[in-house]
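J.: Quick one, entry.cif (mmCIF, C-alpha atoms):
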data_start
loop_
_atom_site.label_atom_id
_atom_site.label_comp_id
_atom_site.auth_asym_id
_atom_site.auth_seq_id
_atom_site.Cartn_x
_atom_site.Cartn_y
_atom_site.Cartn_z
CA MET A 32 41.72 -65.16 -86.82
CA SER A 33 42.95 -67.70 -84.37
CA ASN A 34 42.28 -67.63 -80.64
CA GLN A 35 45.98 -67.24 -79.96
CA TRP A 36 46.09 -64.03 -81.96
CA ARG A 37 43.05 -62.71 -80.14
CA LEU A 38 44.70 -63.36 -76.77
CA ARG A 39 47.82 -61.51 -77.87
CA THR A 40 45.71 -58.50 -78.97
CA VAL A 41 43.87 -58.24 -75.61
CA ARG A 42 47.13 -58.59 -73.71
CA SER A 43 48.72 -55.80 -75.77
CA ARG A 44 45.81 -53.43 -75.18
CA PHE A 45 45.84 -54.10 -71.41
CA LEU A 46 49.57 -53.43 -71.19
CA GLY A 47 49.02 -50.18 -73.14
CA LEU A 48 46.37 -48.98 -70.71
CA CYS A 49 48.61 -49.78 -67.78
CA LEU A 50 51.41 -47.81 -69.41
CA VAL A 51 49.11 -44.79 -69.94
CA PHE A 52 47.91 -44.92 -66.32
CA ALA A 53 51.47 -45.20 -65.10
CA MET A 54 52.51 -42.23 -67.18
CA ALA A 55 49.51 -40.20 -65.86
CA VAL A 56 50.46 -40.99 -62.29
CA THR A 57 54.08 -40.15 -62.96
CA LEU A 58 53.47 -36.93 -64.87
CA ALA A 59 50.57 -35.53 -62.72
CA PRO A 60 50.58 -37.13 -59.27
CA GLY A 61 47.31 -36.73 -57.30
CA LEU A 62 45.16 -35.72 -60.32
CA ALA A 63 41.95 -37.52 -61.13
CA SER A 64 39.49 -36.09 -63.65
CA ALA A 65 36.65 -38.50 -63.09
CA THR A 66 34.51 -39.65 -60.15
CA THR A 67 36.30 -42.15 -57.99
CA THR A 68 34.73 -44.29 -55.30
CA VAL A 69 36.93 -45.95 -52.71
CA GLY A 70 35.26 -48.80 -50.89
CA GLU A 71 38.17 -49.85 -48.68
CA ASN A 72 40.85 -48.08 -46.62
CA THR A 73 43.16 -46.04 -48.87
CA SER A 74 46.41 -44.33 -47.98
CA VAL A 75 47.89 -41.56 -50.12
CA GLY A 76 51.50 -40.73 -49.37
CA GLY A 77 51.77 -37.55 -51.46
CA THR A 78 49.60 -34.59 -52.32
CA PHE A 79 46.01 -35.53 -53.14
CA ALA A 80 43.96 -33.03 -55.22
CA VAL A 81 40.30 -33.48 -56.14
CA ASP A 82 38.66 -31.04 -58.58
CA GLY A 83 35.04 -32.17 -58.24
CA ASN A 84 32.62 -32.90 -55.43
CA VAL A 85 33.99 -34.92 -52.53
CA THR A 86 31.91 -36.99 -50.12
CA LEU A 87 33.63 -38.14 -46.96
CA GLY A 88 31.70 -40.91 -45.30
CA ASN A 89 28.27 -42.22 -46.16
CA ALA A 90 26.61 -42.10 -42.71
CA ASN A 91 26.55 -39.66 -39.80
CA THR A 92 28.20 -42.35 -37.69
CA ASP A 93 31.37 -42.23 -39.84
CA SER A 94 34.46 -40.56 -38.41
CA VAL A 95 36.62 -38.24 -40.53
CA THR A 96 40.06 -37.68 -39.02
CA MET A 97 42.44 -34.90 -40.10
CA THR A 98 45.83 -35.26 -38.46
CA ALA A 99 47.48 -32.44 -40.39
CA TYR A 100 46.59 -28.71 -40.50
CA VAL A 101 43.90 -27.42 -42.88
CA VAL A 102 45.92 -24.55 -44.37
CA SER A 103 43.10 -23.01 -46.42
CA PRO A 104 39.80 -21.57 -45.06
CA LEU A 105 37.08 -24.18 -44.61
CA ARG A 106 33.81 -23.10 -46.25
CA VAL A 107 30.45 -24.63 -45.41
CA ALA A 108 27.62 -23.62 -47.76
CA ASP A 109 24.14 -24.66 -48.92
CA GLY A 110 24.38 -22.91 -52.28
CA THR A 111 23.05 -19.62 -50.91
CA ASN A 112 24.76 -18.82 -47.60
CA THR A 113 28.38 -19.61 -46.79
CA SER A 114 30.16 -19.85 -43.43
CA THR A 115 33.96 -19.77 -43.38
CA LEU A 116 36.37 -21.12 -40.76
CA ALA A 117 39.82 -19.52 -41.19
CA ASN A 118 42.94 -19.78 -39.05
CA THR A 119 41.89 -16.70 -36.98
CA THR A 120 38.14 -16.20 -37.53
CA LEU A 121 34.83 -18.00 -37.90
CA LEU A 122 32.48 -16.18 -40.27
CA LEU A 123 28.87 -17.44 -40.12
CA GLY A 124 26.60 -16.75 -43.08
CA GLN A 125 23.09 -15.46 -42.70
CA ALA A 126 20.52 -18.05 -41.59
CA ASP A 127 16.81 -17.19 -41.86
CA SER A 128 16.44 -13.67 -40.43
CA PHE A 129 19.86 -13.50 -38.71
CA ALA A 130 22.56 -11.28 -40.18
CA GLN A 131 26.10 -12.48 -40.92
CA GLY A 132 28.31 -12.60 -37.84
CA LYS A 133 32.04 -13.05 -37.20
CA PHE A 134 33.93 -14.77 -34.41
CA TYR A 135 37.58 -13.81 -33.92
CA VAL A 136 40.34 -13.79 -31.31
CA ASN A 137 41.73 -10.43 -30.17
CA ALA A 138 45.25 -9.60 -29.02
CA SER A 139 44.40 -10.70 -25.46
CA GLY A 140 43.33 -14.14 -26.62
CA ASN A 141 39.61 -13.50 -26.02
CA VAL A 142 36.94 -14.78 -28.40
CA ASN A 143 34.94 -11.87 -29.83
CA THR A 144 31.78 -11.71 -31.91
CA SER A 145 30.99 -8.92 -34.34
CA GLY A 146 27.24 -8.98 -33.79
CA THR A 147 24.58 -10.37 -31.47
CA LEU A 148 25.41 -13.75 -29.95
CA ALA A 149 22.29 -15.90 -29.55
CA VAL A 150 22.69 -19.03 -27.43
CA VAL A 151 19.94 -21.65 -27.83
CA GLY A 152 19.73 -24.35 -25.21
CA ALA A 153 21.71 -24.86 -22.02
CA SER A 154 25.26 -23.49 -22.21
CA THR A 155 28.09 -23.49 -19.67
CA LEU A 156 30.93 -20.95 -19.80
CA THR A 157 33.79 -21.92 -17.51
CA GLY A 158 35.93 -18.86 -18.23
CA ALA A 159 35.51 -15.12 -18.40
CA LEU A 160 32.87 -13.80 -20.83
CA THR A 161 33.02 -10.27 -22.21
CA ALA A 162 30.09 -9.03 -24.32
CA ASN A 163 30.54 -5.59 -25.89
CA GLY A 164 27.15 -5.44 -27.59
CA ASN A 165 23.58 -6.18 -26.58
CA VAL A 166 23.05 -9.34 -24.50
CA THR A 167 19.71 -11.14 -24.15
CA LEU A 168 19.37 -13.75 -21.41
CA GLY A 169 16.33 -15.95 -21.85
CA ASP A 170 13.50 -15.61 -24.36
CA ALA A 171 10.50 -15.98 -22.03
CA VAL A 172 9.45 -14.62 -18.61
CA SER A 173 9.44 -18.19 -17.31
CA ASP A 174 13.20 -18.58 -17.96
CA LEU A 175 15.47 -18.78 -14.93
CA ILE A 176 18.76 -16.85 -14.87
CA THR A 177 21.20 -18.00 -12.19
CA VAL A 178 24.32 -16.04 -11.23
CA ASN A 179 26.54 -18.04 -8.86
CA GLY A 180 29.44 -15.62 -8.76
CA TYR A 181 29.73 -11.97 -7.72
CA VAL A 182 28.66 -9.15 -10.05
CA VAL A 183 31.68 -6.90 -9.46
CA SER A 184 30.49 -3.90 -11.52
CA PRO A 185 27.25 -1.89 -10.99
CA LEU A 186 24.22 -3.50 -12.64
CA ARG A 187 22.25 -1.00 -14.73
CA VAL A 188 18.66 -1.59 -15.85
CA ALA A 189 17.42 0.87 -18.47
CA ASP A 190 14.79 1.34 -21.18
CA GLY A 191 16.82 3.84 -23.21
CA THR A 192 15.52 6.82 -21.21
CA ASN A 193 15.64 6.01 -17.50
CA THR A 194 18.34 3.96 -15.78
CA SER A 195 18.33 2.19 -12.41
CA THR A 196 21.65 1.09 -10.92
CA LEU A 197 22.38 -1.67 -8.41
CA ALA A 198 25.85 -1.24 -6.89
CA ASN A 199 27.58 -3.13 -4.08
CA THR A 200 26.33 -0.58 -1.48
CA SER A 201 23.29 1.13 -3.00
CA LEU A 202 20.30 0.77 -5.33
CA VAL A 203 19.39 3.88 -7.36
CA ILE A 204 15.95 3.68 -8.99
CA ALA A 205 15.31 6.06 -11.88
CA GLN A 206 12.11 8.00 -12.42
CA ALA A 207 9.13 5.90 -13.54
CA ASP A 208 5.97 7.67 -14.72
CA SER A 209 5.42 10.46 -12.19
CA PHE A 210 7.83 9.15 -9.53
CA ASN A 211 11.18 10.84 -8.95
CA GLN A 212 14.50 9.07 -8.78
CA GLY A 213 15.19 7.48 -5.40
CA LYS A 214 18.17 5.79 -3.79
CA PHE A 215 18.37 2.83 -1.42
CA SER A 216 21.53 2.69 0.67
CA VAL A 217 22.89 0.91 3.73
CA SER A 218 23.91 3.07 6.70
CA SER A 219 26.92 2.47 8.94
CA ALA A 220 24.57 0.70 11.37
CA GLY A 221 23.52 -1.76 8.65
CA ASN A 222 20.09 -0.22 8.11
CA ILE A 223 18.49 0.12 4.66
CA MET A 224 17.83 3.78 3.86
CA SER A 225 15.63 5.38 1.18
CA SER A 226 16.45 8.87 -0.12
CA GLY A 227 12.88 9.71 -1.14
CA THR A 228 9.32 8.45 -0.85
CA LEU A 229 9.04 4.68 -0.52
CA GLY A 230 5.90 3.33 -2.19
CA VAL A 231 4.90 -0.23 -1.29
CA VAL A 232 2.25 -1.82 -3.52
CA GLY A 233 0.53 -4.94 -2.26
CA ALA A 234 0.79 -6.78 1.05
CA SER A 235 4.16 -6.35 2.75
CA THR A 236 5.60 -7.70 5.98
CA LEU A 237 8.43 -5.91 7.77
CA LEU A 238 10.01 -8.11 10.43
CA GLY A 239 12.64 -5.67 11.67
CA ALA A 240 12.86 -2.04 12.72
CA VAL A 241 11.78 0.54 10.11
CA THR A 242 13.01 4.14 10.26
CA THR A 243 11.56 6.67 7.79
CA TYR A 244 12.79 10.27 7.59
CA GLY A 245 10.31 11.42 4.94
CA SER A 246 6.56 11.17 4.38
CA VAL A 247 4.86 7.80 4.92
CA THR A 248 1.52 6.80 3.39
CA LEU A 249 -0.20 3.68 4.74
CA GLY A 250 -2.98 2.47 2.49
CA ASP A 251 -4.49 4.15 -0.56
CA ALA A 252 -8.20 3.85 0.30
CA ILE A 253 -10.36 4.37 3.42
CA SER A 254 -11.30 0.68 3.24
CA ASP A 255 -7.69 -0.36 3.85
CA LEU A 256 -6.87 -1.92 7.21
CA ILE A 257 -3.70 -0.88 9.06
CA THR A 258 -2.71 -3.27 11.84
CA VAL A 259 -0.05 -2.47 14.44
CA ASN A 260 0.75 -5.51 16.59
CA GLY A 261 3.59 -3.94 18.59
CA TYR A 262 3.83 -0.84 20.78
CA VAL A 263 4.17 2.67 19.34
CA VAL A 264 6.87 3.93 21.71
CA SER A 265 6.98 7.56 20.52
CA PRO A 266 4.11 10.09 20.47
CA LEU A 267 1.88 9.81 17.40
CA ASN A 268 1.40 13.20 15.74
CA VAL A 269 -1.50 13.74 13.33
CA ALA A 270 -1.34 17.01 11.41
CA ASN A 271 -2.54 18.77 8.26
CA GLY A 272 0.38 21.19 8.02
CA THR A 273 -1.29 23.77 10.31
CA ASN A 274 -2.80 21.97 13.32
CA THR A 275 -1.30 18.98 15.08
CA SER A 276 -2.90 16.43 17.42
CA THR A 277 -0.67 14.19 19.53
CA LEU A 278 -1.37 10.78 21.03
CA SER A 279 1.22 9.83 23.65
CA ASN A 280 1.36 6.97 26.14
CA THR A 281 -0.66 8.96 28.74
CA THR A 282 -2.53 11.76 26.90
CA LEU A 283 -4.39 12.65 23.72
CA LEU A 284 -3.91 16.28 22.70
CA VAL A 285 -6.43 17.37 20.06
CA ALA A 286 -5.53 20.49 18.09
CA LYS A 287 -7.92 23.26 17.14
CA ALA A 288 -10.23 22.39 14.23
CA ASP A 289 -12.40 25.12 12.66
CA ASP A 290 -13.67 27.19 15.62
CA PHE A 291 -12.89 24.62 18.35
CA ASN A 292 -10.02 25.26 20.77
CA GLN A 293 -7.27 22.82 21.50
CA GLY A 294 -8.20 20.26 24.14
CA LYS A 295 -6.40 17.53 26.05
CA PHE A 296 -7.53 14.06 27.12
CA TYR A 297 -5.62 12.48 29.97
CA VAL A 298 -5.97 9.87 32.72
CA ASN A 299 -5.86 11.06 36.33
CA ALA A 300 -4.52 9.22 39.40
CA SER A 301 -7.85 7.40 39.83
CA GLY A 302 -7.74 6.03 36.29
CA ASN A 303 -10.50 8.32 35.01
CA ILE A 304 -10.37 9.94 31.58
CA ASN A 305 -10.36 13.73 31.86
CA THR A 306 -10.65 16.48 29.27
CA SER A 307 -9.09 19.92 29.70
CA GLY A 308 -11.77 21.83 27.78
CA THR A 309 -15.23 21.52 26.30
CA LEU A 310 -16.13 18.01 25.11
CA ALA A 311 -18.34 18.12 22.02
CA VAL A 312 -19.94 14.82 21.01
CA ALA A 313 -21.43 14.60 17.50
CA GLY A 314 -23.78 11.76 16.66
CA ASN A 315 -25.20 9.02 18.88
CA THR A 316 -22.96 8.17 21.82
CA THR A 317 -23.37 5.52 24.51
CA LEU A 318 -21.47 5.70 27.79
CA THR A 319 -21.67 2.44 29.72
CA GLY A 320 -19.56 3.52 32.68
CA GLU A 321 -19.42 6.43 35.09
CA LEU A 322 -19.02 9.89 33.53
CA SER A 323 -17.61 12.74 35.58
CA ILE A 324 -17.59 16.18 33.95
CA LEU A 325 -15.98 19.12 35.74
CA GLY A 326 -16.75 21.77 33.14
CA ASP A 327 -19.76 23.04 31.18
CA ILE A 328 -22.06 20.50 29.50
CA THR A 329 -24.35 21.08 26.53
CA LEU A 330 -26.92 18.36 25.81
CA GLY A 331 -28.53 18.74 22.40
CA ASN A 332 -28.20 21.62 19.94
CA ALA A 333 -31.86 22.16 19.01
CA GLY A 334 -35.19 22.47 20.80
CA THR A 335 -36.39 19.31 19.07
CA ASP A 336 -33.62 17.18 20.58
CA SER A 337 -34.64 14.55 23.13
CA ILE A 338 -32.57 13.88 26.23
CA ASP A 339 -33.34 10.59 27.97
CA VAL A 340 -32.08 9.80 31.47
CA ASN A 341 -32.79 6.15 32.26
CA GLY A 342 -31.03 6.08 35.62
CA TYR A 343 -31.44 8.10 38.83
CA VAL A 344 -30.02 11.61 39.24
CA VAL A 345 -28.59 11.14 42.73
CA THR A 346 -27.49 14.75 43.25
CA SER A 347 -29.56 17.93 43.17
CA LEU A 348 -30.17 19.33 39.70
CA ARG A 349 -29.40 23.04 39.55
CA VAL A 350 -30.62 25.30 36.75
CA GLY A 351 -29.06 28.77 36.60
CA ASP A 352 -28.19 31.60 34.25
CA GLY A 353 -24.68 32.14 35.59
CA THR A 354 -25.78 34.88 38.03
CA SER A 355 -27.15 34.58 41.58
CA ALA A 356 -30.48 33.12 40.40
CA THR A 357 -30.44 29.34 40.57
CA SER A 358 -33.32 26.88 40.71
CA THR A 359 -32.68 23.51 42.29
CA LEU A 360 -34.52 20.23 41.83
CA GLY A 361 -33.67 18.02 44.77
CA GLN A 362 -34.82 14.59 45.83
CA SER A 363 -37.84 15.99 47.76
CA SER A 364 -38.26 19.63 46.66
CA LEU A 365 -38.09 22.15 43.83
CA ILE A 366 -36.63 25.55 44.68
CA VAL A 367 -37.36 28.18 42.04
CA ALA A 368 -35.01 31.17 42.02
CA GLN A 369 -36.18 34.75 41.75
CA THR A 370 -36.92 35.89 38.22
CA GLU A 371 -37.81 39.51 37.56
CA ALA A 372 -39.99 40.65 40.53
CA SER A 373 -40.69 37.24 41.98
CA ASN A 374 -39.08 36.08 45.20
CA LEU A 375 -37.38 32.76 45.74
CA GLY A 376 -39.99 30.09 46.28
CA ARG A 377 -39.98 26.46 47.20
CA PHE A 378 -42.23 23.62 46.16
CA TYR A 379 -42.17 20.58 48.38
CA VAL A 380 -44.27 17.57 49.27
CA GLY A 381 -45.68 17.37 52.80
CA SER A 382 -46.20 14.29 54.93
CA SER A 383 -49.70 13.93 53.51
CA GLY A 384 -48.32 13.80 49.96
CA ASN A 385 -49.54 17.28 49.11
CA VAL A 386 -47.48 19.75 47.05
CA ASN A 387 -46.69 22.84 49.14
CA ALA A 388 -45.34 26.26 48.19
CA SER A 389 -43.25 28.29 50.60
CA GLY A 390 -44.52 31.65 49.34
CA THR A 391 -47.07 33.21 47.04
CA VAL A 392 -47.93 31.29 43.91
CA GLN A 393 -48.50 33.68 41.03
CA MET A 394 -50.17 32.57 37.83
CA ALA A 395 -50.91 34.27 34.55
CA THR A 396 -54.32 33.78 32.92
CA SER A 397 -55.00 30.31 34.25
CA THR A 398 -57.81 27.96 35.15
CA VAL A 399 -57.50 25.52 38.00
CA MET A 400 -59.86 22.64 37.38
CA ASN A 401 -60.23 19.06 38.36
CA VAL A 402 -62.02 17.28 35.56
CA THR A 403 -62.27 13.87 37.22
CA GLY A 404 -63.74 14.69 40.65
CA THR A 405 -64.33 17.23 43.40
CA SER A 406 -61.62 19.86 43.77
CA THR A 407 -60.75 21.35 47.14
CA PHE A 408 -59.14 24.77 47.60
CA TYR A 409 -57.88 25.15 51.17
CA ALA A 410 -56.66 28.49 52.57
CA LYS A 411 -55.61 28.34 56.23
CA ALA A 412 -56.77 31.03 58.75
CA ASP A 413 -54.38 33.72 59.98
CA ALA A 414 -53.63 34.74 63.54
CA ALA A 415 -56.18 37.65 63.57
CA GLY A 416 -59.09 35.30 63.48
CA TYR A 417 -59.80 35.62 59.80
CA GLY A 418 -59.97 32.64 57.56
CA GLY A 419 -58.11 32.28 54.37
CA SER A 420 -58.74 34.99 51.84
CA LEU A 421 -59.20 35.21 48.10
CA ILE A 422 -57.89 38.41 46.43
CA LEU A 423 -59.39 39.37 43.09
CA GLU A 424 -58.36 42.37 40.98
CA LYS A 425 -61.11 44.82 39.97
CA ALA A 426 -62.09 44.93 36.32
CA ASN A 427 -61.06 48.58 35.96
CA GLY A 428 -57.64 47.87 37.50
CA SER A 429 -58.16 50.39 40.32
CA GLY A 430 -57.33 47.89 43.03
CA CYS A 431 -58.23 44.53 44.43
CA ILE A 432 -61.07 43.11 46.55
CA GLU A 433 -60.20 40.70 49.32
CA LEU A 434 -62.82 38.03 50.03
CA SER A 435 -62.60 36.16 53.34
CA PHE A 436 -64.69 34.59 56.12
CA ASN A 437 -64.81 35.69 59.74
CA GLN A 438 -65.00 33.45 62.77
CA VAL A 439 -68.75 32.94 62.52
CA GLY A 440 -68.57 32.12 58.83
CA ASN A 441 -69.79 35.42 57.41
CA THR A 442 -68.30 36.74 54.20
CA VAL A 443 -66.12 39.78 54.62
CA THR A 444 -65.07 41.91 51.62
CA SER A 445 -62.76 44.89 51.60
CA SER A 446 -60.94 46.96 49.00
CA ILE A 447 -57.16 46.57 49.23
CA THR A 448 -54.06 47.33 47.28
CA CYS A 449 -53.23 44.48 44.98
CA PRO A 450 -50.21 42.53 46.18
#
Could the structure of this file be written out as structure tokens, please?

T.:
Amino acid sequence: MSNQWRLRTVRSRFLGLCLVFAMAVTLAPGLASATTTVGENTSVGGTFAVDGNVTLGNANTDSVTMTAYVVSPLRVADGTNTSTLANTTLLLGQADSFAQGKFYVNASGNVNTSGTLAVVGASTLTGALTANGNVTLGDAVSDLITVNGYVVSPLRVADGTNTSTLANTSLVIAQADSFNQGKFSVSSAGNIMSSGTLGVVGASTLLGAVTTYGSVTLGDAISDLITVNGYVVSPLNVANGTNTSTLSNTTLLVAKADDFNQGKFYVNASGNINTSGTLAVAGNTTLTGELSILGDITLGNAGTDSIDVNGYVVTSLRVGDGTSATSTLGQSSLIVAQTEASNLGRFYVGSSGNVNASGTVQMATSTVMNVTGTSTFYAKADAAGYGGSLILEKANGSGCIELSFNQVGNTVTSSITCP
């Protein structure tokens, strides 16, 4: 076989293949049954149909441009889950533990979602957002949620049982644990009001005026410190529901407690503190200034109590029983009032420093003795010329014997009636 014949055979076969390809393009435009790779720019003027897998681009930096409409739904799948973008909806297939969700546009032109919308990362919504289902903002307590615009509808915070509501003029707090529902509101004067008990936990500073119409509890332990830096301009009433004590700017009125009567402390024109009734002091008390008491005084409540007076008692000390009998201890004398059958007597110190008695000194069974030296008993003579006498009662109680000395020094005894 010559080379010329071989050339004719190859040329005939090539022309036949071209004819078959031309017929295939003419009879079935856009059909290709095998894998085709296009390395350069290609333009297809008619309908282009591909039955197998199609890869557009070979790097994530490639750009795929579609100038015309995609008239069929666009499905994105990994072989298990499929998401579909149609002309009116976006249906996302399940990913990990998330259920399938659907995005669609309603009659008002708003974008809706059929399930929970989870936004990961920073997102900015420049238009109106309406969420008909549950909404979660942030996934950690450290997340910051910023609202620049007005919240025009009441904001409700609930746990499925109790609900608190923040409106444009009030804050209603639902019951928590054992606390009842309360309401915060703003009065016509611009003051914040509370409908029930206001409990403040932790340190709090109130810089403006506070008006409370209900009960107020300051501190929850006796070790708490309550500091008032300003003036309390109204009377302070302390009560237990039955008795009330009142501290005003000029007086302290103490109500009856147990068996004590109500008493009043006040300041007189001289600036002294006065009390209207009995002043009972319990425990150790030290008075560093002058104390003036116009009523009864009781010092100590038992015979074992000690009463110490370190200073001088500059006035006479009177001891009485509330009747006409009063004994008085003065600066230079002791006057003992009559008790039973005894007359009023006076003890005083003479110019020689001796203790004198104005009347008869009566003693029960007694012994007068000087254990350190010589004792002197001096009885002055009377006007009748008799010296001082010593009267002794007889042993049988029938009378007394008076023993005295006459002018010459002789002993004179006589029976007399006992004084």

J.: Residue by residue, what does the PyMOL selection byres ((chain A and resi 183) around 12) grab here? Present the result as a list of chain:residue names.

T.: A:Val178, A:Gly180, A:Tyr181, A:Val182, A:Ser184, A:Pro185, A:Leu186, A:Leu197, A:Ala198, A:Asn199, A:Thr200

J.: Considering only C-alpha atoms, state which residue in the set A:Leu421, A:Leu116, A:Ala333, A:Ile366 is at the smallest distance from A:Arg349.

T.: A:Ile366

J.: For a test of reading the model, state the distance in Å between atom CA of A:Gly164 and atom CA of A:Thr177, rounded to one decimal.

T.: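 Result for atom CA of A:Gly164 versus atom CA of A:Thr177: 20.7 Å, one decimal.
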
J.: Hey, what's within 7 Å of stretch 217-226 of chain A if we count all atoms listed in the file and toss same-chain stuff fewer than 3 positions away? As a VMD selection string, please?

T.: chain A and resid 200 to 201 213 to 214 229

J.: Please compute the atom CA of A:Thr120-atom CA of A:Val85 distance, one decimal, in Å.

T.: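 That distance, rounded to one decimal, is 24.3 Å.
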
J.: Evaluate the PyMOL selection byres ((chain A and resi 249) around 12) against this structure - the residues, as a VMD selection string, please.

T.: chain A and resid 229 to 235 246 to 248 250 to 259

J.: Mind checking which residues fall within 6 Å of A:Asn387, counting only C-alpha atoms, ignoring those fewer than 4 positions away in the same chain, and posting them as number ranges by chain?

T.: A: 378-380

J.: How about saving the chosen residues, C-alpha atoms kept, as a PDB file, in the frame of the given file?

T.:
ATOM      1  CA  PHE A 378     -42.230  23.620  46.160  1.00  0.00           C
ATOM      2  CA  TYR A 379     -42.170  20.580  48.380  1.00  0.00           C
ATOM      3  CA  VAL A 380     -44.270  17.570  49.270  1.00  0.00           C
TER       4      VAL A 380
END

J.: Select, from A:Thr306, A:Asn118, A:Thr86, A:Gln438, the residue with the minimum atom-to-atom distance to A:Val101, counting all atoms listed in the file.

T.: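 Of A:Thr306, A:Asn118, A:Thr86, A:Gln438, the one nearest A:Val101, counting all atoms listed in the file, is A:Asn118.
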
J.: Selected by the PyMOL selection byres ((chain A and resi 142) around 12) in the shown coordinates: which residues, as an MDAnalysis selection string?

T.: chainID A and resid 119:121 133:141 143:145 148 158:163

J.: List as a ChimeraX atom specification the protein and nucleic acid residues near A:Pro450, meaning an atom at most 12 Å away when all atoms listed in the file are counted, but skip any in the same chain fewer than 4 places from it.

T.: /A:372-373,391-393,421-424,430-433,446

J.: Kindly give the distance, in Å, that separates atom CA of A:Thr113 and atom CA of A:Ser94, rounded to a single decimal.

T.: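 Separation between atom CA of A:Thr113 and atom CA of A:Ser94: 23.4 Å.
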
J.: For each of A:Ser420, A:Ala426, A:Gly110, A:Ile176, take the minimum atom-to-atom distance to A:Val443, counting all atoms listed in the file, then give the residue where this is smallest.

T.: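 Counting all atoms listed in the file, the residue closest to A:Val443 is A:Ser420.
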